[in-house]
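Step one of this worksheet: look at the structure below.
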2 protein chains.
Amino acid sequence: MAHKYVYLFSEGDGSMRELLGGKGANLAEMSRLGMPVPSGFTVTTEACTRYYDDGKVIAADIEKEIYDNLAKIEEINGKRFADPKNPLLVSVRSGARASMPGMMDTILNLGMNDEVAAGLIAGNSDPKFARFVYDSYRRFIQMFSDVVMEISKKTFEVIIDELKAKKGVKNDIDLDVEDMKELVVRFKAYYKEQKGVDFPTDPKEQMMESVKAVFRSWDNPRANVYRRMNDIPYSWGTAVNVQPMVFGNLNDRSGTGVAFTRDPATGEKALFGEYLINAQGEDVVAGVRTPSKISHLQQDMPEVYNQFVEIANKLEAHYRDMQDMEFTIENGKLYMLQTRNGKRTAAAALKIAVDLVDEGMITEKEAVLRVEPKQLDSLLHPQFDAAALKAAEVIGTGLAASPGAACGKVVFTAEDAKEWAAKGEKVCLVRLETSPEDIEGMVAAEGILTVRGGMTSHAAVVARGMGTCCVSGCGEITMHADKKYFEIGGKQYHEGDYISLDGSTGKIYGQAVATAEATISGDFGRFMAWADAARGDFKVRTNADNPRDTAQAVKFGAEGIGLCRTEHMFFEGDRIKAIREMIVSKTADERKVALAKILPLQQGDFEAMYRVLEGRPMTVRFLDPPLHEFVPTKDDEIKELAAEMKIGVEELKNVIASLHESNPMMGHRGCRLAVTYPEIAAMQTTAVINAAITVNKEHPEYNIVPEIMIPLVGEIKELKYVKDTVVETADKIIADAGIDMHYKVGTMIEIPRAAITADEIAKEAEFFSFGTNDLTQMTFGFSRDDAGKFLDAYYETKIFESDPFAKLDQNGVGKLVQMAAKLGRQTRPDIKLGICGEHGGDPSSVEFCYNNGLNYVSCSPFRVPIARLAAAQAAIKAGK
Amino acid sequence: MAHKYVYLFSEGDGSMRELLGGKGANLAEMSRLGMPVPSGFTVTTEACTRYYDDGKVIAADIEKEIYDNLAKIEEINGKRFADPKNPLLVSVRSGARASMPGMMDTILNLGMNDEVAAGLIAGNSDPKFARFVYDSYRRFIQMFSDVVMEISKKTFEVIIDELKAKKGVKNDIDLDVEDMKELVVRFKAYYKEQKGVDFPTDPKEQMMESVKAVFRSWDNPRANVYRRMNDIPYSWGTAVNVQPMVFGNLNDRSGTGVAFTRDPATGEKALFGEYLINAQGEDVVAGVRTPSKISHLQQDMPEVYNQFVEIANKLEAHYRDMQDMEFTIENGKLYMLQTRNGKRTAAAALKIAVDLVDEGMITEKEAVLRVEPKQLDSLLHPQFDAAALKAAEVIGTGLAASPGAACGKVVFTAEDAKEWAAKGEKVCLVRLETSPEDIEGMVAAEGILTVRGGMTSHAAVVARGMGTCCVSGCGEITMHADKKYFEIGGKQYHEGDYISLDGSTGKIYGQAVATAEATISGDFGRFMAWADAARGDFKVRTNADNPRDTAQAVKFGAEGIGLCRTEHMFFEGDRIKAIREMIVSKTADERKVALAKILPLQQGDFEAMYRVLEGRPMTVRFLDPPLHEFVPTKDDEIKELAAEMKIGVEELKNVIASLHESNPMMGHRGCRLAVTYPEIAAMQTTAVINAAITVNKEHPEYNIVPEIMIPLVGEIKELKYVKDTVVETADKIIADAGIDMHYKVGTMIEIPRAAITADEIAKEAEFFSFGTNDLTQMTFGFSRDDAGKFLDAYYETKIFESDPFAKLDQNGVGKLVQMAAKLGRQTRPDIKLGICGEHGGDPSSVEFCYNNGLNYVSCSPFRVPIARLAAAQAAIKAGK
C-alpha cells in the first residue's frame with residue numbers, strides 16, 4: 001500500500017500530533033468526542049517534508065490523495081466543489097506540531113468563483129446575503145493573491161479606499177453589494193495586471209496552490225525566527241488542514257470568537273474570551289474591531305452559549321489543561337474550529353498548575369511539567385517600585401494584555417525596535433496594531449503598546465508567549481507613526497521619549513518609572529517547592545562576582561556560587577591601577593609588590609561573598625582574561641596612565657604593544673597566565689584561603705571549604721603546575737594559622753583537549769566545571785565576537801536552527817561534555833561535575849546536564865528559578 | 001624483597017637499556033662478552049625517576065644500595081675508597097636510554113683527597129706520576145665544583161692563567177708538580193670562599209653528591225632542548241654509571257680515544273677514529289687538542305691496536321650495526337669505556353644500511369629501520385651548484401665534519417644565531433669550539449664552522465646528528481669573536497658577511513655560493529625502493545599550489561597532491577586586483593563580475609598542475625582565509641587601491657573596517673565564505689572541472705577525477721549547503737560538455753566539532769583530510785601566532801615536551817583523529833582518509849596516521865621522502 005499522506009478527521013485522534021500537527025490532531029479528537037466540527041481532512045507533516053525533499057513540488061501521489069479526500073468530504077458534507085447549486089467552500093490552514101500562532105498562512109473561502117458566487121446568491125433571496133457572498137469572494141481573492149501569489153495585501157486596501165472615496169463613504173460596512181461586486185472585478189483585474197494570467201477559477205487549482213503556499217509558509221522568515229526562539233526544528237514541517245467553511249459573517253445570527261477555559265493572564269478559573277457578531281475569524285485575531293466579552297454571548301445567544309460552555313468544560317477535563325478554543329456561529333449553529341492547550345502568562349501558568357492540583361486534576365509532578373521554565377523570567381524581573389509608581393502620571397489606560405513592568409524609549413517600527421535595542425537602548429514599541437512581520441521588533445522591545453486589538457489580538461498573544469509586557473487596545477491614542485509621535489490626552493510623545501507600561505493593569509505612564517525587585521511567594525513559592533522536591537540532589541548554583549548579585553541569587557534559591565570570576569573584581573577603582581602596575585612590572589619581584597596591593601582588596605571581596613553565602617559553597621575562578629584587557633588603547637589614556645605609573649609613554653606603549661595578540665581568544669590567558677606568572681595564582685590563593693579562615697572564625701558553623709578553579713586547562717601537567725603553587729601557598733597559610741581546613745582545587749573544562757583527556761585531568765582536578773561558552777567557541781572554531789558576520793546566513797540557510805551560545809549544541813559540544821564526564825568519573829568516581837557557561841540557565845541545556853549525570857548547573861541570578869524548574873522537569877521526565 | 005635500584009655490570013646485559021640506560025646496558029653487555037671493561041655498577045633510570053618523585057632527594061634505601069655496590073666493586077677491583085695505600089677512584093657518568101651526547105654531566109677521578117693523593121704518590125717514585133696525581137686532583141676539584149656545586153669552570157681557568165702568568169709559562173703542560181699542588185690548594189680555597197664550607201674529602205659524600213648532580217643534569221636546559229628536538233620523553237630519566245677510573249693521562253704508554261667501525265660521515269667500511277696519547281677522554285671530546293688518526297695507533301702500540309680492532313669487529317657483528325666506541329689505554333692496557341650504535345650522517349646511514357644488507361648482516365626491512373627519516377632531509381636540500389662553486393674562491397679548509405652545503409651570514413655566538421635566524425636571516429655560526437650550551441644556536445644555523453676540534457668534537461657529533469653542515473678544526477682562522485670578525489688568509493670576515501661551507505669537503509668560501517637540487521639515486525634510490533615496498537598501499541602525497549613545487553614533489557616520489565591551497569594562487573599579479581574587486585562588491589552580481597575575471601586564471605593554474613601530475617590525483621581546497629588578508633592595511637596603500645578601484649577612500653576604508661575580526665582564526669573564513677558567497681564556490685568548481693576536462697582531452701589516459709575539498713566544516717548541513725553548489729555547478733558543466741566524468745567532494749577535518757560529528761559529516765563527504773594545523777589550534781585553544789608568548793614557559797616547566805604544531809599531539813588531537821576516522825568509516829566504509837597538516841611530514845605523526853588506518857599523508861615536497869620512509873618504518877613495525 002502506498003504511504004498515507006492525507007487523513008480525514010474521522011481517521012485521526014489527539015495522539016497523532018506529530019503526523020497531523022496540533023490543530024489537525026485536536027480537530028480529529030474533537031470529532032471523535034462528537035463535538036460539532038466541520039468535517040475536513042489533514043495533509044500530514046510528512047507531506048510537507050516530502051514537498052521540500054522533492055524540491056518544493058507536491059508529488060503526484062500526494063496530489064491524488066488530496067483530491068480523493070476532497071471527494072470524500074464533498075460526500076460527507078453533501079456539497080461539491082464548483083457546483084453553483086451547492087458549492088463547497090473550504091478553509092486551508094497550517095498546523096504544525098507545536099503551535100506557532102500567526103506565523104504561517106491561512107486561506108479562507110477557497111472554492112469561490114463567479115459561477116459559485118452567482119449560484120450561492122440564486123439560492124438565497126436576502127439582499128444582505130448577496131453582499132456577504134461578494135464580500136467573501138473579494139476577501140478570498142485578496143487572501144489568495146497575498147498568501148499564494150505574494151501580491152501585497154496593501155494594494156488591495158488601496159483599491160478599497162479608492163472606491164470608498166469615490167462613493168464618499170467611510171467604512172467597509174457602508175459598501176453595498178454592487179460595490180463588493182465591483183471590488184471583485186477590480187481585484188481580478190489587478191491580479192491579471194500583476195501576474196499576466198487570469199485569477200484561477202478552478203477550485204482544484206486554487207486548492208493545490210494553497211496547500212503549496214502553506215507548505216512554503218513553513219519556511220518564511222517570521223516562521224524561521226519564531227522557530228529559532230522556541231526551539232522548534234525546521235525538519236518537523238507543518239500539516240495542512242482543509243475544512244468546509246462555516247461563516248461567522250453570514251448574518252447577525254452568526255459570529256466568531258476565541259475563548260479560554262481560564263484567564264490566560266491571571267489563571268483565574270472562568271471562561272474568558274471575546275467574540276464578534278457577523279465577522280470572520282481573522283477580524284478577531286487581527287484586532288481590527290474591538291470585540292465583546294464572551295459572557296455577553298449568554299445574552300446574545302443563550303443556547304449557543306450554554307452549548308459552548310459545556311464543550312469548553314468537556315475539553316478542559318479531557319485534556320486536563322486550560323484550553324484555547326476558536327469557534328464560529330453560523331446562522332445560530334455553533335462550530336468548533338480549534339482547541340489547544342492555551343498559551344498563558346507565567347503567573348497564569350503557575351496559578352493554573354496549582355489550581356489543577358488542588359482540583360485533583362493533576363499531580364504535583366504533572367504540575368511541575370506544566371510551566372515553561374523560560375516563562376518564569378517575566379516573574380523574576382523587577383516590577384514597578386510602588387513609591388515611584390505613586391508619583392508617576394498615568395497618561396492613559398489600555399487592556400492589560402501581558403503582565404510585567406516595562407520602561408523604555410518610544411519607537412514606532414519593529415525595525416527601529418530591533419536597531420535601537422541592538423545599540424543597548426531599552427525601547428517600548430508603539431503600534432496601531434502588530435502583525436506577524438513585527439515579531440523581531442517585539443522580541444527586542446521591553447514592552448508593547450497597541451492602539452487597536454483585544455486580549456486575543458496578535459500583540460497580546462505573542463507578548464504573553466514571550467513574557468513581554470503588553471498593553472493593547474488603547475483607543476485614546478492618536479498615532480502619527482509617519483511623523484514619529486503619538487498623542488494622548490493632548491500631549492505628544494515623540495520617538496525617543498520615555499514611557500512606562502504596566503501590563504498587569506493596562507496603565508501607561510508618560511515617563512520612566514523606577515522598578516522594584518520580584519519575590520517568590522504564594523503560588524510561585526508552592527510550585528517551586530514541588531519543583532525542588534522533584535529535583536532531588538541536583539543542585540543549582542549561580543554565577544556571581546559581588547555580594548549584591550550573590551544576595552539576589554540566594555533569594556532566588558541558589559545553593560552556592562558555581563563561578564566567581566575574579567577578574568571582574570579587578571576593574572573597580574584603584575584596583576585597575578595595581579593590576580596595571582603588575583602588568584608593567586619587569587620582574588617577578590616587581591610583580592609581587594603590585595600584587596601585594598591587590599591582595600587585601602581581593603581578600604575583602606571574598607570575605608564579603610562568604611558572609612552573604614552563609615556557608616554555601618563558592619567556586620572561585622582564577623584570573624582568566626588576557627592582560628591587554630586591563631590596559632588602555634587610546635593615546636591620551638596611555639599618556640595619562642604613563643604619568644600615573646611614572647614611566648615613559650614610549651615604554652608603556654611598548655608594553656601595551658607586546659601584549660597585542662592576533663587571536664586574543666586563543667592567546668595568553670587563563671591558566672597560561674598562572675604558568676608564566678605563578679605569583680598571581682599565589683596571591684589569589686592567599687586571598688581565598690585567608691578570607692575563608694576569617695569568615696570561618698566569625699561563623700564556625702559555616703565550615704567553608706574553599707573551591708579554587710583553574711581556568712582554560714588543556715593538559716594535565718598544566719593543571720598540576722598551577723595546582724602545585726596553589727597547594728603550596730594554601731597549605732602554608734593553613735599550617736601557619738594552626739587550623740584544620742579543607743579546600744578543593746578543580747578546573748574548567750572549556751578547551752576541547754581538556755574534555756578529550758579528562759581521564760588524565762581528573763587525576764589532579766577534584767571537580768570539573770564545564771565552561772561551555774569557550775568550549776562552544778573552540779569546538780565550533782568560531783569566536784562569538786566574529787560569528788555575527790555569518791551567523792545570520794547560517795540561520796537563513798537553516799545550517800543552524802538555534803544559537804549555539806544560547807542553547808547547548810548537544811550533537812557536538814554536548815558529546816565533549818559527555819565524554820569528559822565519563823572519563824572524569826572513570827578516574828575519580830566522586831568527582832563533582834557542573835556547568836557554568838551561559839547554558840547553565842537554558843532549560844534544554846539544563847535537561848542535558850541532568851541526563852548526563854552532572855551534579856549542578858550554575859547560571860546568572862535571574863535564571864536560578866528557571867534552572868531549578870528545568871532540572872525538576874528533567875528529573876520527572878527521567879522518571880525520578 | 002626491596003625494589004632493586006643498582007646493578008653491577010655483571011648483573012645486566014644489553015637488553016636492559018630501559019632500566020640501565022644505553023651506556024649501562026652496553027657496558028654490562030661488553031662485560032658479558034668478556035671484553036676489558038673496568039668493573040662498575042649502574043644506578044637505574046628508575047632511581048632517577050624516584051629522585052624526582054621524592055622531591056629531588058635520594059631515598060635512604062637507594063643510598064644504601066649504592067654503598068653496598070660500592071663495597072662490591074671495591075672487592076672486585078681490590079681497591080678501597082679513601083684508602084691511601086690502594087685507593088679506588090671512580091668516574092660517575094650519566095647514561096640515558098637514548099644517547100644524548102654531551103647533554104648531561106660527568107665527574108672523573110672521584111675519591112680523590114689529600115691523603116689519597118699522597119698515598120698514590122707514595123706508591124710510585126716517578127716524578128711525572130706525582131704531577132699526574134695532582135693534575136687529576138685539580139681536575140676533579142674543578143669538575144666536581146662545576147658539575148655538583150655549580151661553581152663556574154671559568155673561574156678555575158682564570159686561576160690557572162694567573163699561575164701560568166706568574167710562572168711565565170704558556171701551556172698547562174709547562175706547569176710542574178708543585179704548580180699542580182698549588183692549584184689544588186688555590187682551588188680548594190676558592191671553593192671554600194664560594195661555598196662557605198671545605199671541599200668535601202669524604203669520597204662517599206663526593207659520590208652521593210655526584211649521583212645527585214647527574215640526576216639533576218637530566219633536567220638542565222640544554223638536555224631539555226635536546227630532548228625536545230629528539231622526541232625523548234622527560235619521564236625516562238637517566239641512569240648513572242659508576243666505574244673505577246683508568247687513566248689515559250698516566251704516562252706516554254697511556255691514551256684515550258674514540259672510534260667508529262665505519263666512517264660516520266660517508267659510511268665507508270673502515271675503522272675510523274682518533275686518539276690522544278697521555279690524555280683523558282674529555283680532552284678528545286672537547287676538541288681542545290687535535291688528535292691523531294686511529295690508524296696511527298698501529299705504529300704507536302701495535303698490540304693494543306690489534307686487540308682494539310678485534311673488539312671493534314666483534315662488537316659490530318654482535319650489534320649488527322656500526323659502533324661508536326670509547327676506549328682508554330692505561331700503561332699499555334686497553335679498556336673499553338663505551339660502545340653504542342654510532343650516530344652518522346644521512347649519507348653514511350644509507351650506505352651502511354645498504355652495505356649491511358649486501359654483507360648479509362641484516363634484511364632489507366631491517367635496513368629500512370636503520371635510517372632516521374628526519375636525517376634524509378640533509379640529502380634532499382640543495383647542494384652547491386657546480387658552476388657557481390667553480391667560480392667561488394676557497395678561503396680555507398677544515399675537516400669535513402658533517403656533509404651538506406650551507407650559505408649564510410657570519411655570526412659569532414649561539415644567541416646571535418638564534419636571534420638572526422628568528423628574523424629570517426640564514427646564518428653560519430663561527431666558533432672557536434662549540435660546547436653543549438651552544439645547542440640552540442647550532443639548531444638555528446645553516447652551517448657551523450669551528451677553529452678547533454676533530455671529527456668527534458662536540459660540533460661535529462651534534463651537527464651530524466642534526467643533519468647540519470659542519471666544517472670543524474680549521475686552524476688557519478684567527479678569531480676575534482669579541483670584535484665580531486675572524487681573519488683567514490689575511491682577510492677579515494665580519495659579522496653579517498656571507499660565507500659558504502661545504503661539509504662534504506671541508507672547504508670554506510668567502511661569499512654566497514648558489515646551490516643546486518638534490519637527486520635520489522644510487523644507494524638512496526635502492527634504499528627508497530625497499531622502503532616503498534614495505535610501505536604497501538599507504539600513499540604519500542604533497543602539499544603544493546604551483547607547477548614548480550609539484551614537479552619537485554613528483555621527483556621526490558609524491559603520489560599526488562593532498563592539498564592545493566587555492567588562495568595562494570590569488571595573490572599573484574593581477575589576480576589580487578580581481579579578488580579585491582570581489583571584496584568591495586555590494587551585490588552577488590557585482591561579485592560574479594569580479595569572479596569571472598579570476599576564473600580563467602584559476603582554471604589555467606589547475607590545468608598546469610594537472611599536466612605536471614600526469615594523472616596523479618589532486619585535492620583542491622577551496623578558498624580558506626578571511627577576506628581581510630587580501631586588502632591593504634596602510635593608509636597610502638588604501639589610497640592607491642581606492643584610486644585603482646575607482647571608489648572613495650572612505651568607502652574603501654569602511655569596507656576594510658567591516659572585515660576586521662577580533663579573532664580572525666575563528667572568524668569568517670573557510671566554508672563560511674562559501675555559505676555567505678556561494679558564487680565563490682561556483683567559480684572555483686567551474687575552474688577545477690573545466691581544467692580537468694581540458695587536460696583529460698589532451699591526455700585521455702590521465703583519466704582525472706577531480707577532488708574538491710571544502711575547508712573548515714564543523715556541521716554536516718554546512719558541508720551539504722556548499723556541496724550543493726559544487727554539485728549543481730559541476731554536473732551542469734559535465735552535462736554541457738557531453739562527457740562522463742567522476743569527481744569527489746570531501747572536507748577538511750580541522751574543527752573539533754567535525755571530528756566529533758564525523759559520522760554525520762561522512763554522509764556527505766567522500767573523503768576526509770585532517771587539517772591538523774587548525775585542529776591543533778582549536779583543540780588546544782591557542783593560536784600559533786600567539787602561543788609564542790607562553791610556549792617557552794611551557795617547555796621550561798615541562799608542561800610540553802614537544803611543539804604540538806611540529807609533532808602531532810597523539811593524546812589529544814590524535815584522539816580526535818582516531819575518533820573521526822572510526823566514525824567516518826562507520827558511515828562510509830570506503831571513505832578515503834588523509835592528513836594534510838604539517839604533521840604529514842613528521843615521522844612520529846606519519847606512524848600515528850599509518851597505525852590509525854589513514855590512507856595517505858600529504859606533506860611539503862621536501863618532506864616526501866621522509867614521509868615515505870616513516871610510513872615504511874611504521875608498516876614494518878606493525879608487522880606488515
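Ligands are numbered from 1 in the order shown, residues from 1 within each chain, and chains are lettered A, B, ... in the order they appear in the C-alpha cells.
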When the cut-off is 8 Å and we count only C-alpha atoms, which residues of chain A are near chain B, given as a ChimeraX atom specification? /A:661-668,672,675-676,714-715,717-718,721,751-753,756-757,778-783,785-787,789-790,793-794,797-799,811-813,815-816
If we count only C-alpha atoms and set the cut-off at 10 Å, which residues sit around range 636-642 of chain B, ignoring sequence neighbours fewer than 5 positions away in its own chain? Please answer as an NGL selection string. :B and (577 or 580-581 or 631 or 647-653 or 656)
Need to verify the contact set: Ser235 in chain A, 8 Å, only C-alpha atoms, exclusion of same-chain residues closer than 2 positions in sequence. Can you return it as a PyMOL selection string? chain A and resi 49+233+237
Residues as selected, N, CA, C and O atoms, written as a short mmCIF file (atom, residue, chain, number, x, y, z; two decimals), in the first residue's frame, can you do that?
data_model
loop_
_atom_site.label_atom_id
_atom_site.label_comp_id
_atom_site.auth_asym_id
_atom_site.auth_seq_id
_atom_site.Cartn_x
_atom_site.Cartn_y
_atom_site.Cartn_z
N THR A 49 7.35 17.60 4.56
CA THR A 49 8.76 17.22 4.49
C THR A 49 9.08 16.72 3.08
O THR A 49 10.11 17.06 2.50
N PRO A 233 12.26 22.48 15.62
CA PRO A 233 13.12 22.09 14.50
C PRO A 233 12.47 22.35 13.14
O PRO A 233 11.27 22.11 12.95
N GLY A 237 8.26 20.30 9.82
CA GLY A 237 7.29 20.63 8.80
C GLY A 237 5.91 20.93 9.40
O GLY A 237 5.68 20.75 10.59
#
From a backbone DSSP assignment, name each residue in range 296-376 of chain B labelled alpha helix (DSSP H), as number ranges by chain. B: 297-300, 302-319, 346-358, 364-369
If DSSP is run on the backbone, what residues of range 389-434 of chain B are strand (DSSP E)? A reply as JSON, numbers by chain would be ideal. {"B": [394, 395, 396, 397, 399, 400, 401, 402, 405, 406, 407, 408, 409, 410, 411, 427, 428, 429, 430, 431]}
Two-atom distance - CA of Phe260 in chain A, CA of Ile508 in chain A (Å):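 Straight-line distance from CA of Phe260 in chain A to CA of Ile508 in chain A works out to 26.1 Å.
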Any idea what's packed within 9 Å of range 211-219 of chain A, counting only C-alpha atoms, ignoring anything in its chain fewer than 6 positions away? Could you give it as number ranges by chain? A: 43, 47-49, 51-52, 56-58, 92-94, 96, 103-107, 147-149, 234, 237-242
Considering only C-alpha atoms, give me a table of residues in range 442-532 of chain A that are at most 9 Å from range 265-282 of chain A, with the closest atom pair and distance in Å for each, as a tab-separated table.
residue	atom	partner	partner_atom	distance
A:Gly454	CA	A:Glu274	CA	8.1
A:Met455	CA	A:Gly273	CA	7.9
A:Thr456	CA	A:Gly273	CA	7.7
A:Arg464	CA	A:Ala265	CA	7.7
A:Ser504	CA	A:Ala265	CA	8.3
File dump, residues just selected, N, CA and C atoms, as a CSV table (one decimal), in the first residue's frame:
chain,number,residue,atom,x,y,z
A,454,GLY,N,-7.8,43.4,20.9
A,454,GLY,CA,-8.2,42.9,22.3
A,454,GLY,C,-7.2,42.1,22.9
A,455,MET,N,-7.7,41.3,23.9
A,455,MET,CA,-6.8,40.4,24.7
A,455,MET,C,-6.3,39.2,23.9
A,456,THR,N,-7.0,39.0,22.7
A,456,THR,CA,-6.5,37.8,21.9
A,456,THR,C,-6.0,38.3,20.6
A,464,ARG,N,2.4,37.6,25.5
A,464,ARG,CA,2.2,36.7,26.6
A,464,ARG,C,3.2,35.5,26.5
A,504,SER,N,0.1,44.6,33.8
A,504,SER,CA,-0.9,43.9,34.7
A,504,SER,C,-2.1,44.8,35.0
Residues within 7 Å of range 742-745 of chain B, only C-alpha atoms, excluding chain neighbours under 3 positions, as a ChimeraX atom specification: /B:705-709,765-766
Kindly give the distance, in Å, that separates CA of Ile76 in chain A and CA of Glu18 in chain A, rounded to a single decimal.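 Atom-to-atom, CA of Ile76 in chain A and CA of Glu18 in chain A are spaced 25.9 Å apart.
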I'd like the contact shell of range 526-528 of chain B - 10 Å cut-off, only C-alpha atoms, skipping same-chain residues fewer than 2 positions apart - returned as a ChimeraX atom specification. /B:350-351,353-354,364-365,367-368,371,520-524,530-534,557,865-866,868-869,872
Keeping only N, CA, C and O atoms, write the selected residues to a file as a short mmCIF file (atom, residue, chain, number, x, y, z; two decimals), in the first residue's frame.
data_model
loop_
_atom_site.label_atom_id
_atom_site.label_comp_id
_atom_site.auth_asym_id
_atom_site.auth_seq_id
_atom_site.Cartn_x
_atom_site.Cartn_y
_atom_site.Cartn_z
N LEU B 350 72.61 5.63 4.97
CA LEU B 350 72.14 4.91 3.79
C LEU B 350 73.18 3.89 3.34
O LEU B 350 72.86 2.73 3.09
N LYS B 351 74.41 4.34 3.25
CA LYS B 351 75.46 3.44 2.76
C LYS B 351 75.62 2.25 3.70
O LYS B 351 75.72 1.09 3.27
N ALA B 353 73.44 0.98 5.81
CA ALA B 353 72.26 0.11 5.73
C ALA B 353 72.34 -0.78 4.50
O ALA B 353 72.12 -1.99 4.56
N VAL B 354 72.68 -0.16 3.36
CA VAL B 354 72.76 -0.93 2.10
C VAL B 354 73.91 -1.93 2.17
O VAL B 354 73.76 -3.11 1.80
N GLU B 364 66.48 -6.46 4.21
CA GLU B 364 66.09 -5.17 3.64
C GLU B 364 65.17 -4.40 4.58
O GLU B 364 65.30 -3.19 4.74
N LYS B 365 64.25 -5.12 5.21
CA LYS B 365 63.34 -4.44 6.14
C LYS B 365 64.09 -3.88 7.33
O LYS B 365 63.81 -2.77 7.79
N ALA B 367 67.09 -2.94 7.24
CA ALA B 367 67.82 -1.79 6.70
C ALA B 367 66.93 -0.54 6.69
O ALA B 367 67.36 0.56 7.06
N VAL B 368 65.68 -0.74 6.31
CA VAL B 368 64.76 0.39 6.24
C VAL B 368 64.61 1.04 7.63
O VAL B 368 64.48 2.25 7.76
N VAL B 371 67.60 3.90 9.20
CA VAL B 371 67.84 5.30 8.86
C VAL B 371 66.74 6.16 9.48
O VAL B 371 65.56 5.87 9.32
N ILE B 520 67.65 11.68 -6.03
CA ILE B 520 67.58 10.39 -5.33
C ILE B 520 68.08 9.32 -6.30
O ILE B 520 67.41 9.00 -7.28
N SER B 521 69.29 8.80 -6.04
CA SER B 521 69.84 7.78 -6.94
C SER B 521 70.81 6.93 -6.15
O SER B 521 71.03 7.15 -4.96
N GLY B 522 71.41 5.96 -6.76
CA GLY B 522 72.41 5.12 -6.11
C GLY B 522 71.85 4.42 -4.89
O GLY B 522 70.73 3.89 -4.92
N ASP B 523 72.65 4.42 -3.80
CA ASP B 523 72.22 3.79 -2.55
C ASP B 523 70.87 4.33 -2.10
O ASP B 523 70.00 3.60 -1.62
N PHE B 524 70.72 5.65 -2.25
CA PHE B 524 69.49 6.31 -1.83
C PHE B 524 68.30 5.71 -2.57
O PHE B 524 67.28 5.34 -1.98
N TRP B 530 63.30 -0.18 -1.30
CA TRP B 530 62.94 -1.12 -0.22
C TRP B 530 61.85 -0.52 0.68
O TRP B 530 60.93 -1.21 1.10
N ALA B 531 62.02 0.78 0.96
CA ALA B 531 61.05 1.45 1.83
C ALA B 531 59.66 1.44 1.18
O ALA B 531 58.66 1.11 1.82
N ASP B 532 59.63 1.74 -0.12
CA ASP B 532 58.33 1.79 -0.81
C ASP B 532 57.69 0.41 -0.83
O ASP B 532 56.47 0.27 -0.70
N ALA B 533 58.51 -0.62 -0.99
CA ALA B 533 57.97 -1.98 -0.99
C ALA B 533 57.34 -2.29 0.37
O ALA B 533 56.26 -2.89 0.46
N ALA B 534 57.99 -1.85 1.43
CA ALA B 534 57.48 -2.11 2.78
C ALA B 534 56.21 -1.30 3.05
O ALA B 534 55.33 -1.72 3.79
N GLY B 557 58.95 11.54 -5.33
CA GLY B 557 58.12 10.36 -5.14
C GLY B 557 56.69 10.62 -4.69
O GLY B 557 55.99 9.69 -4.30
N PRO B 865 60.16 12.28 0.75
CA PRO B 865 60.94 11.05 1.01
C PRO B 865 60.95 10.68 2.49
O PRO B 865 60.93 9.51 2.85
N ILE B 866 60.94 11.69 3.36
CA ILE B 866 60.90 11.44 4.80
C ILE B 866 59.62 10.70 5.16
O ILE B 866 59.63 9.71 5.90
N ARG B 868 57.77 8.96 3.13
CA ARG B 868 57.80 7.61 2.52
C ARG B 868 58.53 6.65 3.46
O ARG B 868 58.07 5.53 3.70
N LEU B 869 59.68 7.11 3.97
CA LEU B 869 60.46 6.24 4.85
C LEU B 869 59.74 6.02 6.19
O LEU B 869 59.67 4.89 6.70
N ALA B 872 57.07 3.55 5.75
CA ALA B 872 57.63 2.21 5.59
C ALA B 872 58.01 1.65 6.96
O ALA B 872 57.71 0.49 7.28
#
Please determine, counting only C-alpha atoms, which residue among A:Tyr509, A:Tyr610, A:Phe41, A:Phe132 has the shortest atom-to-atom distance to Cys428 in chain A.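 Of all the options, A:Tyr509 lies closest to Cys428 in chain A.
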Residue with smallest distance to Ile733 in chain B - pool B:Ala687, B:Leu389, B:Val857, B:Ala762, counting only C-alpha atoms: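 So, comparing all the options, the nearest one is B:Ala687.
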